[in-house]
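Here is run.pdb, consisting of PDB, C-alpha atoms and all ligand atoms:
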```pdb
ATOM      1  CA  MET D 159      91.779  79.549  98.277
ATOM      2  CA  ALA D 160      94.930  80.243  96.318
ATOM      3  CA  LYS D 161      98.393  79.963  97.793
ATOM      4  CA  ILE D 162     100.047  83.367  98.116
ATOM      5  CA  ILE D 163     103.323  83.793  96.224
ATOM      6  CA  ASP D 164     105.256  85.907  98.698
ATOM      7  CA  GLY D 165     107.462  88.154  96.557
ATOM      8  CA  LYS D 166     108.746  90.000  99.565
ATOM      9  CA  GLN D 167     110.062  86.820 101.154
ATOM     10  CA  ILE D 168     111.593  85.475  97.932
ATOM     11  CA  ALA D 169     113.228  88.871  97.389
ATOM     12  CA  GLN D 170     114.704  88.638 100.886
ATOM     13  CA  GLU D 171     116.224  85.217 100.107
ATOM     14  CA  ILE D 172     117.806  86.640  96.977
ATOM     15  CA  LYS D 173     119.147  89.650  98.884
ATOM     16  CA  ASP D 174     120.698  87.339 101.474
ATOM     17  CA  GLU D 175     122.467  85.432  98.683
ATOM     18  CA  LEU D 176     123.645  88.682  97.113
ATOM     19  CA  LYS D 177     125.004  89.886 100.442
ATOM     20  CA  GLU D 178     127.437  86.953 100.399
ATOM     21  CA  LYS D 179     128.499  87.691  96.828
ATOM     22  CA  ILE D 180     129.072  91.343  97.679
ATOM     23  CA  LYS D 181     131.229  90.342 100.644
ATOM     24  CA  GLU D 182     133.397  88.240  98.317
ATOM     25  CA  LEU D 183     133.672  91.049  95.782
ATOM     26  CA  LYS D 184     134.619  93.515  98.485
ATOM     27  CA  SER D 185     137.285  91.215  99.874
ATOM     28  CA  SER D 186     138.903  91.280  96.440
ATOM     29  CA  GLY D 187     138.774  95.083  96.454
ATOM     30  CA  CYS D 188     135.664  95.486  94.305
ATOM     31  CA  VAL D 189     132.917  97.632  95.828
ATOM     32  CA  PRO D 190     129.749  97.512  93.676
ATOM     33  CA  GLY D 191     128.426 100.981  92.882
ATOM     34  CA  LEU D 192     124.889 101.935  91.778
ATOM     35  CA  THR D 193     123.595 105.395  90.883
ATOM     36  CA  VAL D 194     119.860 106.051  90.572
ATOM     37  CA  VAL D 195     118.749 109.233  88.832
ATOM     38  CA  ILE D 196     115.289 110.698  89.305
ATOM     39  CA  VAL D 197     113.945 113.780  87.528
ATOM     40  CA  GLY D 198     110.959 115.591  89.009
ATOM     41  CA  GLU D 199     108.657 114.797  91.883
ATOM     42  CA  ASP D 200     106.342 111.992  90.794
ATOM     43  CA  PRO D 201     105.300 110.554  94.186
ATOM     44  CA  ALA D 202     105.286 106.889  93.078
ATOM     45  CA  SER D 203     108.710 107.246  91.425
ATOM     46  CA  GLN D 204     110.077 108.833  94.591
ATOM     47  CA  ILE D 205     108.911 105.823  96.618
ATOM     48  CA  TYR D 206     110.419 103.302  94.164
ATOM     49  CA  VAL D 207     113.737 105.156  94.011
ATOM     50  CA  ARG D 208     113.926 105.397  97.778
ATOM     51  CA  MET D 209     113.310 101.653  98.034
ATOM     52  CA  LYS D 210     116.052 100.938  95.473
ATOM     53  CA  THR D 211     118.604 103.090  97.243
ATOM     54  CA  LYS D 212     117.718 101.737 100.684
ATOM     55  CA  ALA D 213     117.882  98.097  99.531
ATOM     56  CA  SER D 214     121.248  98.596  97.861
ATOM     57  CA  GLN D 215     122.704 100.292 100.918
ATOM     58  CA  GLU D 216     121.501  97.456 103.134
ATOM     59  CA  LEU D 217     123.509  95.047 100.997
ATOM     60  CA  GLY D 218     126.672  97.113 101.154
ATOM     61  CA  ILE D 219     126.426  98.471  97.630
ATOM     62  CA  ASN D 220     127.928 101.921  97.252
ATOM     63  CA  SER D 221     124.710 103.632  96.259
ATOM     64  CA  GLU D 222     123.856 107.179  95.341
ATOM     65  CA  THR D 223     120.605 108.886  94.373
ATOM     66  CA  ILE D 224     120.716 111.990  92.202
ATOM     67  CA  ALA D 225     117.469 113.986  92.229
ATOM     68  CA  LEU D 226     117.076 116.638  89.557
ATOM     69  CA  PRO D 227     114.276 119.231  89.337
ATOM     70  CA  ALA D 228     111.272 118.624  87.040
ATOM     71  CA  GLY D 229     112.430 121.391  84.699
ATOM     72  CA  THR D 230     115.814 119.760  83.967
ATOM     73  CA  SER D 231     116.719 119.961  80.272
ATOM     74  CA  GLN D 232     117.554 116.928  78.156
ATOM     75  CA  THR D 233     121.045 118.344  77.586
ATOM     76  CA  ARG D 234     121.668 118.605  81.323
ATOM     77  CA  LEU D 235     120.520 115.009  81.882
ATOM     78  CA  LEU D 236     122.707 113.779  79.001
ATOM     79  CA  GLU D 237     125.679 115.520  80.607
ATOM     80  CA  LEU D 238     125.005 113.736  83.884
ATOM     81  CA  VAL D 239     124.691 110.327  82.173
ATOM     82  CA  ASP D 240     127.964 110.999  80.364
ATOM     83  CA  LYS D 241     129.674 111.820  83.629
ATOM     84  CA  LEU D 242     128.369 108.598  85.216
ATOM     85  CA  ASN D 243     129.396 106.577  82.132
ATOM     86  CA  ASN D 244     132.955 107.774  82.751
ATOM     87  CA  ASP D 245     132.977 107.259  86.527
ATOM     88  CA  ASP D 246     134.762 103.949  87.318
ATOM     89  CA  SER D 247     133.157 103.754  90.774
ATOM     90  CA  VAL D 248     129.698 103.573  89.159
ATOM     91  CA  HIS D 249     129.121 100.031  87.856
ATOM     92  CA  GLY D 250     125.384 100.292  87.378
ATOM     93  CA  MET D 251     123.055 103.204  86.755
ATOM     94  CA  LEU D 252     119.456 103.843  85.904
ATOM     95  CA  VAL D 253     117.247 106.808  85.139
ATOM     96  CA  GLN D 254     113.851 106.252  86.721
ATOM     97  CA  LEU D 255     110.940 106.440  84.268
ATOM     98  CA  PRO D 256     108.687 108.202  83.403
ATOM     99  CA  LEU D 257     110.622 111.362  82.541
ATOM    100  CA  PRO D 258     109.126 114.870  82.162
ATOM    101  CA  ASP D 259     107.767 115.774  78.698
ATOM    102  CA  GLN D 260     110.734 117.903  77.597
ATOM    103  CA  ILE D 261     113.014 114.847  77.789
ATOM    104  CA  ASP D 262     112.959 112.045  75.198
ATOM    105  CA  GLU D 263     113.243 108.761  77.119
ATOM    106  CA  ASP D 264     114.770 106.884  74.198
ATOM    107  CA  VAL D 265     117.521 109.475  73.791
ATOM    108  CA  ILE D 266     118.443 109.087  77.465
ATOM    109  CA  ILE D 267     118.284 105.289  77.475
ATOM    110  CA  ASN D 268     120.453 105.147  74.342
ATOM    111  CA  SER D 269     123.071 107.334  76.036
ATOM    112  CA  ILE D 270     123.608 104.981  78.988
ATOM    113  CA  SER D 271     126.672 102.772  78.593
ATOM    114  CA  PRO D 272     125.326  99.237  77.857
ATOM    115  CA  GLU D 273     127.825  97.810  80.406
ATOM    116  CA  LYS D 274     126.205  99.943  83.147
ATOM    117  CA  ASP D 275     122.610  99.515  81.975
ATOM    118  CA  VAL D 276     121.295  97.507  84.938
ATOM    119  CA  ASP D 277     117.693  98.132  83.766
ATOM    120  CA  GLY D 278     118.458  96.290  80.518
ATOM    121  CA  PHE D 279     116.652  98.994  78.535
ATOM    122  CA  HIS D 280     119.458  99.927  76.114
ATOM    123  CA  PRO D 281     118.744  98.692  72.550
ATOM    124  CA  LEU D 282     122.010  96.706  72.545
ATOM    125  CA  ASN D 283     120.902  94.787  75.641
ATOM    126  CA  ARG D 284     117.382  94.324  74.254
ATOM    127  CA  GLY D 285     118.955  92.906  71.092
ATOM    128  CA  ARG D 286     121.154  90.566  73.095
ATOM    129  CA  LEU D 287     118.066  89.305  74.907
ATOM    130  CA  VAL D 288     116.319  88.561  71.606
ATOM    131  CA  ALA D 289     119.479  86.797  70.413
ATOM    132  CA  ALA D 290     119.523  84.730  73.654
ATOM    133  CA  GLU D 291     122.963  86.091  74.543
ATOM    134  CA  ASP D 292     124.137  86.937  78.033
ATOM    135  CA  THR D 293     122.877  90.444  78.858
ATOM    136  CA  PHE D 294     121.214  92.635  81.464
ATOM    137  CA  VAL D 295     117.616  91.443  81.476
ATOM    138  CA  PRO D 296     115.009  94.033  82.585
ATOM    139  CA  CYS D 297     114.383  93.707  86.328
ATOM    140  CA  THR D 298     110.620  93.126  86.370
ATOM    141  CA  PRO D 299     110.524  90.244  83.835
ATOM    142  CA  LEU D 300     113.626  88.745  85.449
ATOM    143  CA  GLY D 301     111.922  88.996  88.847
ATOM    144  CA  ILE D 302     108.786  87.285  87.528
ATOM    145  CA  GLN D 303     110.811  84.384  86.122
ATOM    146  CA  GLU D 304     112.788  84.022  89.351
ATOM    147  CA  MET D 305     109.616  84.162  91.433
ATOM    148  CA  LEU D 306     108.019  81.380  89.373
ATOM    149  CA  ILE D 307     111.101  79.154  89.576
ATOM    150  CA  ARG D 308     111.589  79.650  93.306
ATOM    151  CA  SER D 309     107.915  78.893  94.033
ATOM    152  CA  ASN D 310     108.172  75.635  92.051
ATOM    153  CA  PHE D 311     106.068  76.860  89.133
ATOM    154  CA  ASP D 312     108.671  76.292  86.442
ATOM    155  CA  PRO D 313     107.330  77.685  83.127
ATOM    156  CA  ASN D 314     108.874  74.749  81.227
ATOM    157  CA  GLY D 315     106.151  73.178  79.051
ATOM    158  CA  LYS D 316     103.429  75.454  80.431
ATOM    159  CA  HIS D 317     101.136  77.793  78.531
ATOM    160  CA  VAL D 318     102.013  81.296  79.747
ATOM    161  CA  VAL D 319      99.579  84.042  78.761
ATOM    162  CA  ILE D 320     100.888  87.578  79.194
ATOM    163  CA  VAL D 321      98.464  90.500  79.044
ATOM    164  CA  GLY D 322     100.309  93.690  78.076
ATOM    165  CA  ARG D 323     103.165  94.175  75.586
ATOM    166  CA  SER D 324     105.118  97.014  77.211
ATOM    167  CA  LYS D 325     108.778  97.440  76.369
ATOM    168  CA  ILE D 326     109.761  96.986  80.013
ATOM    169  CA  VAL D 327     107.552  94.043  81.057
ATOM    170  CA  GLY D 328     105.290  92.159  78.636
ATOM    171  CA  MET D 329     107.454  92.060  75.520
ATOM    172  CA  PRO D 330     110.780  91.106  77.161
ATOM    173  CA  LEU D 331     109.018  88.531  79.369
ATOM    174  CA  ALA D 332     107.420  86.899  76.312
ATOM    175  CA  ILE D 333     110.818  86.667  74.648
ATOM    176  CA  MET D 334     112.524  85.231  77.755
ATOM    177  CA  LEU D 335     109.940  82.609  78.584
ATOM    178  CA  ALA D 336     109.748  81.337  74.999
ATOM    179  CA  GLN D 337     113.495  80.655  74.914
ATOM    180  CA  LYS D 338     114.920  77.138  75.068
ATOM    181  CA  LYS D 339     116.551  77.647  78.461
ATOM    182  CA  ALA D 340     116.180  76.485  82.041
ATOM    183  CA  GLY D 341     113.293  78.251  83.757
ATOM    184  CA  ALA D 342     111.738  79.106  80.399
ATOM    185  CA  ASN D 343     110.759  76.864  77.441
ATOM    186  CA  ALA D 344     107.083  77.827  77.744
ATOM    187  CA  THR D 345     104.384  78.215  75.113
ATOM    188  CA  VAL D 346     103.777  81.954  75.215
ATOM    189  CA  THR D 347     100.738  83.965  74.169
ATOM    190  CA  LEU D 348     101.074  87.753  74.267
ATOM    191  CA  CYS D 349      97.734  89.597  74.501
ATOM    192  CA  HIS D 350      97.402  93.361  74.051
ATOM    193  CA  THR D 351      94.954  96.123  73.118
ATOM    194  CA  GLY D 352      94.623  94.627  69.645
ATOM    195  CA  THR D 353      93.522  91.220  71.002
ATOM    196  CA  LYS D 354      89.879  90.537  70.067
ATOM    197  CA  ASP D 355      88.733  88.350  72.967
ATOM    198  CA  ILE D 356      91.200  88.495  75.880
ATOM    199  CA  SER D 357      89.183  86.031  77.992
ATOM    200  CA  HIS D 358      89.436  83.393  75.279
ATOM    201  CA  PHE D 359      93.200  83.368  75.851
ATOM    202  CA  THR D 360      93.406  84.013  79.599
ATOM    203  CA  LYS D 361      91.142  80.991  80.212
ATOM    204  CA  GLN D 362      93.787  78.784  78.600
ATOM    205  CA  ALA D 363      96.642  80.028  80.766
ATOM    206  CA  ASP D 364      98.498  77.682  83.096
ATOM    207  CA  ILE D 365     100.396  80.817  84.142
ATOM    208  CA  LEU D 366      98.739  84.204  83.668
ATOM    209  CA  VAL D 367     100.823  87.376  83.859
ATOM    210  CA  ALA D 368      98.822  90.603  84.131
ATOM    211  CA  ALA D 369     100.923  93.603  83.066
ATOM    212  CA  VAL D 370      98.275  95.982  81.811
ATOM    213  CA  GLY D 371      98.688  98.941  84.136
ATOM    214  CA  ARG D 372      94.964  99.320  84.846
ATOM    215  CA  PRO D 373      93.366  98.476  88.201
ATOM    216  CA  GLU D 374      91.662  95.091  88.631
ATOM    217  CA  VAL D 375      90.841  94.442  84.950
ATOM    218  CA  ILE D 376      91.581  90.701  85.181
ATOM    219  CA  LYS D 377      88.669  89.034  86.993
ATOM    220  CA  GLY D 378      88.385  85.545  88.463
ATOM    221  CA  ASP D 379      85.994  84.353  85.726
ATOM    222  CA  MET D 380      88.701  85.038  83.124
ATOM    223  CA  LEU D 381      90.974  82.373  84.651
ATOM    224  CA  LYS D 382      91.313  78.653  84.284
ATOM    225  CA  GLU D 383      90.703  76.729  87.511
ATOM    226  CA  GLY D 384      94.093  76.101  89.151
ATOM    227  CA  ALA D 385      96.033  78.762  87.233
ATOM    228  CA  VAL D 386      99.111  80.481  88.617
ATOM    229  CA  VAL D 387      98.554  84.257  88.539
ATOM    230  CA  ILE D 388     101.325  86.859  88.534
ATOM    231  CA  ASP D 389     100.047  90.403  89.066
ATOM    232  CA  VAL D 390     102.495  93.043  87.846
ATOM    233  CA  GLY D 391     100.280  96.119  88.206
ATOM    234  CA  VAL D 392     100.896  98.680  90.929
ATOM    235  CA  ASN D 393      97.911 101.036  90.614
ATOM    236  CA  ARG D 394      96.948 103.789  93.006
ATOM    237  CA  VAL D 395      93.200 104.142  93.468
ATOM    238  CA  ASN D 396      91.434 106.797  95.521
ATOM    239  CA  ALA D 397      90.542 105.624  99.010
ATOM    240  CA  PRO D 398      89.444 108.533 101.229
ATOM    241  CA  GLU D 399      89.194 106.157 104.217
ATOM    242  CA  MET D 400      92.940 105.504 104.067
ATOM    243  CA  GLU D 401      95.419 107.774 105.793
ATOM    244  CA  LYS D 402      97.315 108.386 102.535
ATOM    245  CA  GLY D 403      94.085 108.943 100.586
ATOM    246  CA  TYR D 404      94.804 106.031  98.231
ATOM    247  CA  ARG D 405      95.379 102.336  98.220
ATOM    248  CA  ILE D 406      97.448 100.171  95.918
ATOM    249  CA  VAL D 407      95.765  97.471  93.847
ATOM    250  CA  GLY D 408      97.038  95.205  91.095
ATOM    251  CA  ASP D 409      95.814  94.570  87.567
ATOM    252  CA  VAL D 410      94.009  91.500  88.934
ATOM    253  CA  GLU D 411      90.849  91.540  91.012
ATOM    254  CA  PHE D 412      92.403  89.659  93.915
ATOM    255  CA  GLU D 413      89.192  88.619  95.647
ATOM    256  CA  SER D 414      87.627  86.752  92.700
ATOM    257  CA  ALA D 415      90.964  85.556  91.249
ATOM    258  CA  SER D 416      92.153  83.965  94.476
ATOM    259  CA  LYS D 417      89.033  81.764  94.531
ATOM    260  CA  ARG D 418      89.878  80.307  91.133
ATOM    261  CA  ALA D 419      93.685  80.302  91.038
ATOM    262  CA  ALA D 420      96.023  77.739  92.595
ATOM    263  CA  ALA D 421      98.508  80.498  93.446
ATOM    264  CA  ILE D 422      98.623  84.260  93.112
ATOM    265  CA  SER D 423     101.169  87.002  93.734
ATOM    266  CA  PRO D 424      99.757  89.874  95.806
ATOM    267  CA  VAL D 425     100.044  93.637  95.291
ATOM    268  CA  PRO D 426     101.816  95.055  97.191
ATOM    269  CA  GLY D 427     104.378  92.444  98.223
ATOM    270  CA  GLY D 428     104.600  90.464  94.975
ATOM    271  CA  VAL D 429     106.413  91.499  91.816
ATOM    272  CA  GLY D 430     107.485  94.940  93.164
ATOM    273  CA  PRO D 431     110.016  93.633  95.705
ATOM    274  CA  MET D 432     111.281  91.135  93.098
ATOM    275  CA  THR D 433     111.981  94.002  90.687
ATOM    276  CA  ILE D 434     114.178  95.615  93.297
ATOM    277  CA  ALA D 435     115.992  92.376  94.148
ATOM    278  CA  MET D 436     116.799  91.869  90.450
ATOM    279  CA  LEU D 437     118.144  95.408  90.184
ATOM    280  CA  LEU D 438     120.561  94.539  92.983
ATOM    281  CA  SER D 439     121.447  91.293  91.228
ATOM    282  CA  ASN D 440     122.135  93.126  87.946
ATOM    283  CA  THR D 441     124.265  95.635  89.837
ATOM    284  CA  VAL D 442     126.388  92.859  91.340
ATOM    285  CA  LYS D 443     126.734  91.387  87.844
ATOM    286  CA  ALA D 444     127.814  94.771  86.421
ATOM    287  CA  ALA D 445     130.380  95.191  89.202
ATOM    288  CA  SER D 446     131.854  91.704  88.835
ATOM    289  CA  ASN D 447     132.076  92.156  85.049
ATOM    290  CA  PHE D 448     133.848  95.480  85.517
ATOM    291  CA  CYS D 449     136.230  94.306  88.212
ATOM    292  CA  ALA D 450     137.110  91.114  86.283
ATOM    293  CA  SER D 451     137.938  93.106  83.150
ATOM    294  CA  SER D 452     139.921  95.803  84.942
ATOM    295  CA  SER D 453     142.055  93.267  86.855
ATOM    296  CA  THR D 454     143.018  91.328  83.721
ATOM    297  CA  GLY D 455     143.553  94.187  81.386
TER     298      GLY D 455
HETATM  299  N1  LIG B 501     114.167 103.095  84.861
HETATM  300  N2  LIG B 501     112.007 103.056  85.631
HETATM  301  C1  LIG B 501     113.191 102.435  85.483
HETATM  302  N3  LIG B 501     113.420 101.185  85.950
HETATM  303  C2  LIG B 501     112.445 100.502  86.597
HETATM  304  O1  LIG B 501     112.664  99.248  87.003
HETATM  305  C3  LIG B 501     111.212 101.123  86.801
HETATM  306  N4  LIG B 501     110.178 100.524  87.515
HETATM  307  C4  LIG B 501     108.807 100.753  87.053
HETATM  308  C5  LIG B 501     108.618 102.270  86.937
HETATM  309  N5  LIG B 501     109.759 102.949  86.372
HETATM  310  C6  LIG B 501     110.998 102.401  86.273
HETATM  311  C7  LIG B 501     110.179 100.261  88.833
HETATM  312  O2  LIG B 501     111.188 100.320  89.526
HETATM  313  C8  LIG B 501     108.005 100.140  88.177
HETATM  314  N6  LIG B 501     108.937  99.928  89.263
HETATM  315  C9  LIG B 501     108.579  99.480  90.554
HETATM  316  C10 LIG B 501     109.516  99.006  91.464
HETATM  317  C11 LIG B 501     109.142  98.562  92.722
HETATM  318  C12 LIG B 501     107.830  98.569  93.100
HETATM  319  C13 LIG B 501     106.877  99.028  92.206
HETATM  320  C14 LIG B 501     107.256  99.475  90.946
HETATM  321  C15 LIG B 501     107.459  98.108  94.456
HETATM  322  O3  LIG B 501     108.272  97.576  95.173
HETATM  323  N7  LIG B 501     106.190  98.307  94.884
HETATM  324  C16 LIG B 501     105.707  97.925  96.188
HETATM  325  C17 LIG B 501     104.670  98.921  96.672
HETATM  326  C18 LIG B 501     105.249 100.289  96.805
HETATM  327  C19 LIG B 501     104.281 101.334  97.281
HETATM  328  O4  LIG B 501     103.896 101.287  98.462
HETATM  329  O5  LIG B 501     103.917 102.215  96.461
HETATM  330  C20 LIG B 501     105.095  96.533  96.118
HETATM  331  O6  LIG B 501     105.110  95.848  97.143
HETATM  332  O7  LIG B 501     104.604  96.170  95.039
END
```
Would you mind writing the file out in structure tokens?
Amino acid sequence: MAKIIDGKQIAQEIKDELKEKIKELKSSGCVPGLTVVIVGEDPASQIYVRMKTKASQELGINSETIALPAGTSQTRLLELVDKLNNDDSVHGMLVQLPLPDQIDEDVIINSISPEKDVDGFHPLNRGRLVAAEDTFVPCTPLGIQEMLIRSNFDPNGKHVVIVGRSKIVGMPLAIMLAQKKAGANATVTLCHTGTKDISHFTKQADILVAAVGRPEVIKGDMLKEGAVVIDVGVNRVNAPEMEKGYRIVGDVEFESASKRAAAISPVPGGVGPMTIAMLLSNTVKAASNFCASSSTG
């Protein structure tokens, strides 16, 4: 049976380290500030945003959630982003995705000040990532890399196969792990809906990352014996027997995969908590950048 990669526990270690850093920042008069904006009432988004705000408060980050109604106009949201861009107590901000149909996500993301873009979604930060410059790296790929390193599965020299090329997970992760850097330097294959025979590639993976967004599509027989499996999917499936009426499953069929893999990250309790820990880490980075620049100039 595969070893479980405990994302929740690794996230806790990271949060403990961040707590110390935040103490230091505060003692020099710098209180990290994070604002999370949510538009509408998507139940999953509400849960994620609540977890982000709670985690940041636990660490002593000055954190605020702004909830706007589903009918909010793009103009109104742009005004709010502008206000937060100009608020010196806000070092990091994010607008939770997805947004309602009347709002163009790219327009909103482009309006966020790149220095406060703790999601790393702004085109300037995406470009910096491609150029291997210091930047805000998107939280989920950053969390996956950190989780691999801290569980002693360094991607260096490994064949990493990523299934899914989304702008927020698959594509940035492929770029990061292919770079000639510590904790990266992997041979990367990026599979997607245009890939002819996904199994052909997944069977060659030393490290398989499933970021498809569809429940349990990666089965045990698609894996190489002894692979390390990172499951990014957080899918709700109907489960009338459960109190909530649903249960959460990953993109990987855990049962069959855990018989074949050497290690696997569970859902829940895997990549999700790591995403949140990396948001806190990016927020601390944004605050220390801001406070360093405002004290010297
Ligand atoms: N702007 N939008 C923006 N930034 C993000 O980084 C996100 N994402 C994704 C959706 N939209 C976003 C998140 O926050 C996905 N995501 C996210 C974050 C945390 C978790 C899942 C998705 C998480 O911690 N999940 C728990 C289970 C939670 C539950 O019970 O529903 C887990 O243990 O996996």
- Apply the PyMOL selection byres (((not hetatm)) within 10 of (chain B and resi 501)) to the file shown and report the selected residues as a PyMOL selection string. chain D and resi 165-166+194-196+201-210+251-257+263+267+275-279+296-299+326-327+389-394+405-408+423-437
- Query: For Phe294 (chain D), which residue out of D:Ser214, D:Thr441, D:Thr353, D:Ser231 is the nearest one, using all atoms listed in the file?
  - Reply: D:Thr441
- Query: Could you write out as an MDAnalysis selection string the residues that the PyMOL selection byres (((chain D and resi 186-192) around 7) and not hetatm) matches in the shown file?
  - Reply: chainID D and resid 182:185 193:194 219:222 247:251 441:442 445 449
- Residue IDs satisfying the PyMOL selection byres (((chain D and resi 225) around 7) and not hetatm), as number ranges by chain: D: 195-197, 223-224, 226-227
- Give the answer as one residue: which of D:Gly403, D:Pro272, D:Gly229, D:Gly378 has the shortest atom-to-atom distance to Ile422 (chain D), using all atoms listed in the file? D:Gly378
- Message: Using only C-alpha atoms, can you tell me which of D:Val319, D:Val346, D:Leu287, D:Leu236 comes closest to Ile266 (chain D)?
- Response: D:Leu236
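Going from CA of Met329 (chain D) over to CA of Ser271 (chain D), you cover 22.2 Å.
Minimum atom-to-atom distance to Ile162 (chain D), evaluated using all atoms listed in the file, belongs to D:Leu306 out of D:Ala336, D:Val370, D:Leu306, D:Ile356.
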- Identify, on the basis of all atoms listed in the file, every residue whose closest approach to Ala160 (chain D) does not exceed 9 Å; exclude the query and any residue fewer than 2 positions from it along the same chain; express the result as a ChimeraX atom specification. /D:162,384,386,415-422
- D:Thr211, D:Asn440, D:Ser357, D:Gln303 ranked by distance to Ala332 (chain D), top pick (using only C-alpha atoms): D:Gln303
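The environment of Glu374 (chain D) within 6 Å, counting all atoms listed in the file and disregarding residues fewer than 6 places along the same chain, consists of Gly408, Asp409, Val410 and Glu411 of chain D.
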If the box runs along x, y and z of the file and leaves 6 Å on each side of region 414-432 of chain D, what are its centre and edge lengths in Å, one decimal, as JSON?
```
{"center_x": 99.5, "center_y": 86.4, "center_z": 94.6, "size_x": 35.7, "size_y": 29.3, "size_z": 19.2}
```
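Taking CA of Leu335 (chain D) as the reference point, CA of Ala450 (chain D) is found at 29.5 Å.
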- As a check of understanding: the span from CA of Asn283 (chain D) to CA of Val295 (chain D) is 7.5 Å
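Nearest residue to Lys443 (chain D), choosing from D:Asp245, D:Glu175, D:Gln215, D:Lys274 and counting all atoms listed in the file: D:Lys274.
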Incomplete region 178-189 of chain D filled out to N, CA, C and O atoms as a CSV table (one decimal), keeping the file's coordinate frame:
```csv
chain,number,residue,atom,x,y,z
D,178,GLU,N,126.2,87.8,100.4
D,178,GLU,CA,127.4,87.0,100.4
D,178,GLU,C,128.3,87.3,99.2
D,178,GLU,O,129.6,87.4,99.4
D,179,LYS,N,127.7,87.4,98.0
D,179,LYS,CA,128.5,87.7,96.8
D,179,LYS,C,129.2,89.0,96.9
D,179,LYS,O,130.3,89.2,96.5
D,180,ILE,N,128.5,90.0,97.5
D,180,ILE,CA,129.1,91.3,97.7
D,180,ILE,C,130.3,91.3,98.6
D,180,ILE,O,131.3,92.0,98.4
D,181,LYS,N,130.1,90.5,99.7
D,181,LYS,CA,131.2,90.3,100.6
D,181,LYS,C,132.5,89.8,99.9
D,181,LYS,O,133.6,90.4,100.1
D,182,GLU,N,132.3,88.8,99.1
D,182,GLU,CA,133.4,88.2,98.3
D,182,GLU,C,134.0,89.3,97.4
D,182,GLU,O,135.2,89.4,97.3
D,183,LEU,N,133.2,90.0,96.7
D,183,LEU,CA,133.7,91.0,95.8
D,183,LEU,C,134.5,92.1,96.5
D,183,LEU,O,135.6,92.5,96.1
D,184,LYS,N,133.9,92.5,97.7
D,184,LYS,CA,134.6,93.5,98.5
D,184,LYS,C,136.0,93.0,99.0
D,184,LYS,O,136.9,93.8,99.0
D,185,SER,N,136.0,91.7,99.4
D,185,SER,CA,137.3,91.2,99.9
D,185,SER,C,138.3,91.2,98.8
D,185,SER,O,139.5,91.1,99.0
D,186,SER,N,137.9,91.2,97.5
D,186,SER,CA,138.9,91.3,96.4
D,186,SER,C,139.1,92.7,96.0
D,186,SER,O,139.6,93.0,94.9
D,187,GLY,N,138.6,93.7,96.8
D,187,GLY,CA,138.8,95.1,96.5
D,187,GLY,C,137.8,95.7,95.5
D,187,GLY,O,138.0,96.8,94.9
D,188,CYS,N,136.7,95.0,95.3
D,188,CYS,CA,135.7,95.5,94.3
D,188,CYS,C,134.4,95.9,95.1
D,188,CYS,O,133.7,95.0,95.6
D,189,VAL,N,134.1,97.2,95.1
D,189,VAL,CA,132.9,97.6,95.8
D,189,VAL,C,131.9,98.0,94.8
D,189,VAL,O,132.0,99.0,94.1
```
